[in-house]
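Have a look at the structure below before the remarks.
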Amino acid sequence: KLIGARYYNEESKVTAWTTDQTPRDSIGHGSHTSSTAAGVAVPAASYHGLATGTAKGGSPTSRLAIYRVCTSEGCKGSAILAAFEDAITDGVDLLSLSLGASPYFRPDFDSDPIAIGAFHAVENGIVVVCSAGNSGPAPGTVVNTAPWILTVGATTIDRDFESDLILGEESNAVIK
């Protein structure tokens, strides 16, 4: 499934070894997004026994090459552009990015490293899919809006996760 991984941290001011010096995911975001993209089917998946079903990624037969561009110091434009260039050279078919600028400090397309790198990738026949950001659902909060990027936003689910909360051993109160 995972056929390659790189990280970009050449400009870091970190002097001791940290999780920034590896393509490994230290907070779970990369693991989450890669399984969303290409995770194999997992039967009987649930959230603590609720909503049981089969979970799988959007393209479970795909193979992954991971390009980690963000560190504890942020996501540098030079790292983003280097990863785009490496992905193009590596011959990927599709790029899925789960990062973007703040909607309140959004750069123009000609200075946005994601828009620039995505343009170069599209010129080379690679489809680029990006997250719409995490600041919505307010007006004007969508990011990665360059017309050559397929921008995808999340939505809600069609179910509630209900559970009982019992306050203390002596209490008869149940909150639903």
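We name chains A, B, ... following the order of the structure tokens; residues begin at 1 in each chain, and ligands are numbered from 1 as shown.
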
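For range 80-85 of chain A, the non-local neighbours within 9 Å, defined as residues at least 3 positions apart in the same chain or in other chains and counting only C-alpha atoms, are Arg6, Tyr7, Tyr8, Tyr67, Arg68, Val69, Cys70, Cys75, Lys76, Gly77, Ile88, Thr89, Asp90, Leu95, Pro113, Ile114, Ile116, Gly117, Ala118, His120 and Ala121 of chain A.
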
Let me see the file: selected residues, C-alpha atoms, as a PDB file, in the first residue's frame.
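This is the output file part_15.pdb:
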```pdb
ATOM      1  CA  ARG A   6       9.581  11.691   1.984  1.00  0.00           C
ATOM      2  CA  TYR A   7       9.763  14.625   4.334  1.00  0.00           C
ATOM      3  CA  TYR A   8      10.917  18.178   3.812  1.00  0.00           C
ATOM      4  CA  TYR A  67       5.173  13.737   0.889  1.00  0.00           C
ATOM      5  CA  ARG A  68       5.202  15.324   4.345  1.00  0.00           C
ATOM      6  CA  VAL A  69       5.672  19.084   4.009  1.00  0.00           C
ATOM      7  CA  CYS A  70       4.446  20.376   7.382  1.00  0.00           C
ATOM      8  CA  CYS A  75       4.137  24.357   6.211  1.00  0.00           C
ATOM      9  CA  LYS A  76       6.843  26.205   4.278  1.00  0.00           C
ATOM     10  CA  GLY A  77       6.249  27.193   0.670  1.00  0.00           C
ATOM     11  CA  ILE A  88       5.829  14.985 -10.689  1.00  0.00           C
ATOM     12  CA  THR A  89       9.264  13.359 -11.084  1.00  0.00           C
ATOM     13  CA  ASP A  90       8.028  10.224  -9.294  1.00  0.00           C
ATOM     14  CA  LEU A  95      -2.121  14.418  -5.715  1.00  0.00           C
ATOM     15  CA  PRO A 113       2.828  27.706  -3.370  1.00  0.00           C
ATOM     16  CA  ILE A 114      -0.118  25.299  -3.528  1.00  0.00           C
ATOM     17  CA  ILE A 116       1.768  27.265  -8.290  1.00  0.00           C
ATOM     18  CA  GLY A 117       2.738  23.653  -7.578  1.00  0.00           C
ATOM     19  CA  ALA A 118      -0.721  22.400  -8.542  1.00  0.00           C
ATOM     20  CA  HIS A 120       2.746  22.648 -12.669  1.00  0.00           C
ATOM     21  CA  ALA A 121       1.340  19.224 -11.723  1.00  0.00           C
TER      22      ALA A 121
END
```

Within 10 Å of Ile3 in chain A using only C-alpha atoms, minus same-chain residues under 6 positions, as a ChimeraX atom specification:
/A:63-66

Neighbours of Val128 in chain A within 10 Å (only C-alpha atoms; same-chain residues fewer than 2 positions away dropped), as number ranges by chain?
A: 93-97, 114-115, 117-119, 121-122, 125-126, 130, 148-151

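In this model, the gap between CA of Ala37 in chain A and CA of Pro103 in chain A comes to 24.2 Å.
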
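With CA of Ala101 in chain A on one side and CA of Asn144 in chain A on the other, the separation reads 7.8 Å.
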
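Distance annotation: of A:Ser78, A:Thr61, A:Gly100, A:Asp108, the residue with the minimal separation from Ser131 in chain A is A:Gly100; atom set is only C-alpha atoms.
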
Looking at A:Tyr104, A:Gly136, A:Gly57, A:Glu73, which one is nearest to His32 in chain A, with distances taken over only C-alpha atoms?
A:Gly57

With DSSP run on the backbone, what are the strand (DSSP E) residues within range 69-173 of chain A? I'd like them as a list in words.
Cys70, Thr71, Gly74, Cys75, Leu94, Leu95, Ser96, Leu97, Val127, Val128, Val129, Cys130, Ser131, Leu150, Thr151, Val152, Leu165 and Ile166 of chain A

Select, from A:Ser102, A:Lys56, A:Thr141, A:Gly4, the residue with the minimum atom-to-atom distance to Ala44 in chain A, counting only C-alpha atoms.
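Looking at the shortest contact to Ala44 in chain A, the residue is A:Lys56.
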
Identify, with DSSP run on backbone atoms, the residues in range 1-161 of chain A assigned to helix (DSSP H, G or I), and express the list as a ChimeraX atom specification.
/A:19-21,29-38,77-90,113-123

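Interatomic distance, CA of Asp110 in chain A against CA of Thr33 in chain A: 27.2 Å.
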
Using only C-alpha atoms, which of A:Ala132, A:Gly58, A:Leu50, A:Glu123 sits nearest Asp160 in chain A?
A:Leu50

From the options A:Ser46, A:Thr54, A:Ser72, A:Ser35, which residue's atoms come nearest to Asn9 in chain A, counting only C-alpha atoms?
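The closest residue to Asn9 in chain A is A:Ser72.
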